[in-house]
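Structure file model04.tsv (TSV, C-alpha atoms and all ligand atoms) follows.
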```tsv
chain	number	residue	atom	x	y	z
A	1	MET	CA	54.60	91.11	53.64
A	2	ARG	CA	55.91	91.71	50.15
A	3	ILE	CA	56.81	95.29	51.04
A	4	VAL	CA	58.66	94.16	54.14
A	5	LEU	CA	60.65	91.61	52.19
A	6	LEU	CA	61.50	94.15	49.50
A	7	SER	CA	62.62	96.62	52.17
A	8	LEU	CA	64.85	93.99	53.74
A	9	LEU	CA	66.36	93.22	50.36
A	10	LEU	CA	67.03	96.87	49.72
A	11	VAL	CA	68.70	97.27	53.10
A	12	GLY	CA	70.62	94.05	52.58
A	13	CYS	CA	72.03	95.31	49.32
A	14	GLY	CA	72.95	98.64	50.82
A	15	MET	CA	70.66	100.41	48.38
A	16	ASN	CA	69.86	103.14	50.88
A	17	SER	CA	73.51	104.02	51.36
A	18	PRO	CA	75.07	107.25	50.10
A	19	GLU	CA	76.65	105.32	47.20
A	20	TRP	CA	73.18	104.44	45.94
A	21	ASP	CA	71.82	107.91	46.57
A	22	ASP	CA	74.36	109.75	44.43
A	23	ASN	CA	75.96	106.99	42.33
A	24	HIS	CA	79.36	107.32	44.00
A	25	GLY	CA	79.22	111.06	43.64
A	26	TYR	CA	78.60	111.02	39.88
A	27	GLY	CA	74.81	111.31	39.95
A	28	TRP	CA	72.25	109.60	37.77
A	29	THR	CA	71.96	111.91	34.74
A	30	PHE	CA	72.42	110.05	31.47
A	31	ASP	CA	72.28	110.92	27.78
A	32	VAL	CA	70.90	107.62	26.53
A	33	GLN	CA	69.50	104.40	27.92
A	34	CYS	CA	70.45	101.57	25.61
A	35	GLU	CA	68.01	98.79	24.77
A	36	SER	CA	70.21	96.46	26.81
A	37	GLY	CA	69.68	98.63	29.89
A	38	ILE	CA	73.09	100.29	29.90
A	39	LYS	CA	72.80	103.94	30.86
A	40	LEU	CA	75.38	106.14	29.24
A	41	ARG	CA	76.50	109.69	29.90
A	42	TYR	CA	78.98	111.09	27.42
A	43	THR	CA	78.27	114.81	27.55
A	44	PRO	CA	79.97	117.20	27.85
A	45	THR	CA	83.10	115.10	27.26
A	46	LEU	CA	82.07	113.98	23.78
A	47	TYR	CA	80.39	116.28	21.28
A	48	PRO	CA	79.43	116.12	17.60
A	49	GLY	CA	82.53	116.49	15.48
A	50	GLY	CA	84.81	115.74	18.41
A	51	PHE	CA	87.13	112.76	18.88
A	52	ALA	CA	85.40	109.38	18.38
A	53	TYR	CA	81.99	110.93	18.95
A	54	GLU	CA	80.17	108.67	16.49
A	55	GLN	CA	81.51	105.49	18.07
A	56	LEU	CA	81.61	106.36	21.75
A	57	SER	CA	78.21	108.04	21.99
A	58	ASN	CA	76.64	104.95	20.43
A	59	CYS	CA	74.93	102.18	22.42
A	60	HIS	CA	76.03	99.63	19.84
A	61	PHE	CA	79.66	100.02	20.88
A	62	TYR	CA	78.96	99.43	24.58
A	63	ASP	CA	76.41	96.65	24.08
A	64	THR	CA	78.48	94.73	21.55
A	65	THR	CA	81.69	95.04	23.55
A	66	LEU	CA	79.94	93.74	26.69
A	67	GLN	CA	78.47	90.81	24.73
A	68	ARG	CA	81.87	90.01	23.26
A	69	MET	CA	83.52	90.09	26.69
A	70	SER	CA	80.85	87.73	27.99
A	71	ASP	CA	81.33	85.38	25.04
A	72	CYS	CA	85.12	85.43	25.32
A	73	THR	CA	85.30	84.88	29.08
A	74	GLY	CA	82.37	82.48	29.32
A	75	ILE	CA	80.89	84.62	32.10
A	76	PRO	CA	77.15	84.88	31.36
A	77	LEU	CA	75.63	88.29	30.83
A	78	PRO	CA	73.89	89.33	34.04
A	79	GLN	CA	70.45	90.91	34.23
A	80	ARG	CA	71.97	94.10	35.56
A	81	ARG	CA	73.68	96.56	33.26
A	82	PRO	CA	76.24	99.16	34.28
A	83	PHE	CA	75.91	102.91	34.35
A	84	ILE	CA	78.73	104.28	32.21
A	85	VAL	CA	80.17	107.79	32.32
A	86	VAL	CA	82.72	109.06	29.80
A	87	LEU	CA	85.02	111.66	31.33
A	88	ARG	CA	88.03	113.63	30.21
A	89	ARG	CA	91.23	111.94	31.29
A	90	ASP	CA	92.04	114.79	33.68
A	91	GLN	CA	88.69	114.21	35.45
A	92	MET	CA	89.34	110.53	36.11
A	93	PRO	CA	90.16	109.22	39.60
A	94	LEU	CA	93.79	109.08	40.60
A	95	ASP	CA	95.60	105.78	40.84
A	96	GLN	CA	96.68	105.33	44.45
A	97	VAL	CA	99.99	103.76	43.43
A	98	SER	CA	101.17	105.79	40.46
A	99	GLY	CA	99.42	109.06	41.37
A	100	GLU	CA	98.35	109.41	37.73
A	101	THR	CA	94.81	109.51	36.42
A	102	ARG	CA	93.29	106.19	35.46
A	103	GLY	CA	91.94	105.36	32.03
A	104	GLY	CA	89.03	103.48	33.54
A	105	TYR	CA	87.44	102.72	36.88
A	106	HIS	CA	84.73	100.36	38.12
A	107	TYR	CA	82.69	101.07	41.23
A	108	TYR	CA	80.63	98.29	42.77
A	109	SER	CA	77.08	98.52	44.15
A	110	PRO	CA	75.75	100.31	42.26
A	111	SER	CA	77.81	99.32	39.27
A	112	LEU	CA	79.37	102.40	37.74
A	113	ILE	CA	82.04	102.35	35.04
A	114	LEU	CA	84.10	105.43	34.29
A	115	VAL	CA	86.13	105.54	31.10
A	116	ASP	CA	88.21	108.31	29.64
A	117	GLU	CA	87.43	109.79	26.24
A	118	THR	CA	89.28	107.03	24.41
A	119	ALA	CA	87.35	104.24	26.21
A	120	THR	CA	90.39	101.99	25.80
A	121	HIS	CA	89.84	100.63	29.33
A	122	LEU	CA	86.24	99.63	28.70
A	123	ARG	CA	86.95	95.91	28.24
A	124	HIS	CA	89.04	95.84	31.41
A	125	GLU	CA	86.23	97.48	33.43
A	126	TYR	CA	83.66	95.17	31.84
A	127	LEU	CA	85.63	92.19	33.11
A	128	HIS	CA	85.47	93.59	36.66
A	129	PHE	CA	81.75	94.14	36.13
A	130	LEU	CA	81.04	90.65	34.77
A	131	LYS	CA	83.02	88.95	37.52
A	132	PHE	CA	81.36	91.00	40.24
A	133	GLN	CA	77.88	90.31	38.91
A	134	ALA	CA	78.60	86.59	38.57
A	135	THR	CA	80.45	85.96	41.84
A	136	GLY	CA	80.25	89.04	44.06
A	137	ASN	CA	84.02	89.46	43.65
A	138	GLY	CA	85.14	91.88	40.94
A	139	ASP	CA	88.76	90.68	41.22
A	140	PRO	CA	90.36	94.02	42.13
A	141	ASP	CA	93.81	92.40	42.15
A	142	HIS	CA	93.42	91.20	38.55
A	143	LEU	CA	94.14	87.56	39.31
A	144	ASP	CA	91.98	86.29	36.46
A	145	PRO	CA	94.19	85.47	33.44
A	146	GLN	CA	91.60	87.16	31.22
A	147	PHE	CA	93.07	90.48	32.39
A	148	ALA	CA	96.56	89.53	31.27
A	149	TYR	CA	98.39	90.91	28.27
A	150	PRO	CA	98.51	89.75	25.50
A	151	ASN	CA	96.23	86.70	25.56
A	152	GLY	CA	93.45	87.70	27.98
A	153	CYS	CA	90.03	88.65	26.63
A	154	VAL	CA	90.67	92.24	27.73
A	155	TRP	CA	93.22	92.40	24.92
A	156	THR	CA	91.88	89.98	22.34
A	157	VAL	CA	88.22	90.97	22.07
A	158	PRO	CA	88.02	93.06	18.91
A	159	TRP	CA	86.74	96.59	18.94
A	160	ILE	CA	83.68	97.40	16.88
A	201	ZN	ZN	91.22	96.84	37.12
```
Now, as a test, write the supplied structure out as structure tokens.
Ligand SMILES: [Zn+2]
Amino acid sequence: MRIVLLSLLLVGCGMNSPEWDDNHGYGWTFDVQCESGIKLRYTPTLYPGGFAYEQLSNCHFYDTTLQRMSDCTGIPLPQRRPFIVVLRRDQMPLDQVSGETRGGYHYYSPSLILVDETATHLRHEYLHFLKFQATGNGDPDHLDPQFAYPNGCVWTVPWI
């Protein structure tokens, strides 16, 4: 009975879909699994001696920023943690409107966050993540005032 229920849950969440199989096409290889559960891939984009390597290859940066976004927005930290991939800007998905590459991107189910090598969009993508985990709606139209410049948490939460 337990197996049947688990199977139904998996089907219900779409966990046997192609998105779950290949993580939206980005695969499941990671460089480090943080204590919080965040899985992070930063190679080959970041490398020792390269731009911001010490900060952006470090779990502390991702864990602390997520905690700070949760504290600022009042959205509780969920059990689930995102899979994060750092890519070169020219490898990022294209914005449908502007036709330019995005600085960050959040895929839902499974939760995957892409950030470029500056990670300046991390807080923005974390807000999508927190809202999606809390409500099932990641707010793709950015209606939440916490997205807004200059007073939203996306802009006011300090970097590490
Ligand atoms: Zn967004």
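All protein, DNA and RNA residues at most 12 Å from (71.0, 100.4, 26.2) are Phe30, Asp31, Val32, Gln33, Cys34, Glu35, Ser36, Gly37, Ile38, Lys39, Leu40, Arg41, Ser57, Asn58, Cys59, His60, Phe61, Tyr62, Asp63, Thr64, Leu66, Arg80, Arg81, Pro82, Phe83 and Ile84 of chain A, using all atoms listed in the file.
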- Message: Any residue with an atom at most 10 Å from ligand ZN 201 (chain A) counts, using all atoms listed in the file. Which are they? Put them as a ChimeraX atom specification.
- Response: /A:102-106,121,123-129,138-143,147
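Closest approach to Ala119 (chain A) among A:Phe132, A:Tyr149, A:Tyr42, A:Tyr47 is made by A:Tyr42 (distances from all atoms listed in the file).
Atom to atom, CA of His24 (chain A) and CA of Tyr108 (chain A) stand 9.2 Å apart.
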- Query: Do you have the CA of Ser17 (chain A)-CA of Met92 (chain A) distance handy?
  - Reply: 22.9 Å
Let me have the centre and edge lengths of the axis-aligned box enclosing all listed atoms of region 54-70 of chain A with 3 Å padding on every side, in Å to one decimal, as AutoDock Vina command-line options.
```
--center_x 79.2 --center_y 98.2 --center_z 22.2 --size_x 14.6 --size_y 26.9 --size_z 17.5
```
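Considering the residues A:Pro145, A:Pro44, A:Gly136, A:Pro18 and counting only C-alpha atoms, Leu87 (chain A) has its shortest atom-to-atom contact with A:Pro44.
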- Task: Using all atoms listed in the file, find the one residue out of A:Leu77, A:Leu122, A:Leu112, A:Ala52 that sits nearest to Tyr26 (chain A).
- Result: A:Leu112
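Atom pair CA of Ser111 (chain A) / CA of Asn151 (chain A): separated by 26.2 Å.
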- Message: Here is a test: counting all atoms listed in the file, which residue of A:Pro110, A:Pro78, A:Gly49, A:Gly152 is nearest to Gly25 (chain A)?
- Response: A:Pro110
- Query: Leaving out Arg68 (chain A) and any residue of its chain fewer than 3 positions from it, which residues lie within 9 Å of it when counting only C-alpha atoms, given as a count of residues only?
  - Reply: 9
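For the choices A:Thr45, A:Gln91, A:Ser109, A:Gln146, the atom-to-atom distance to Asp22 (chain A) is smallest for A:Ser109 when using all atoms listed in the file.
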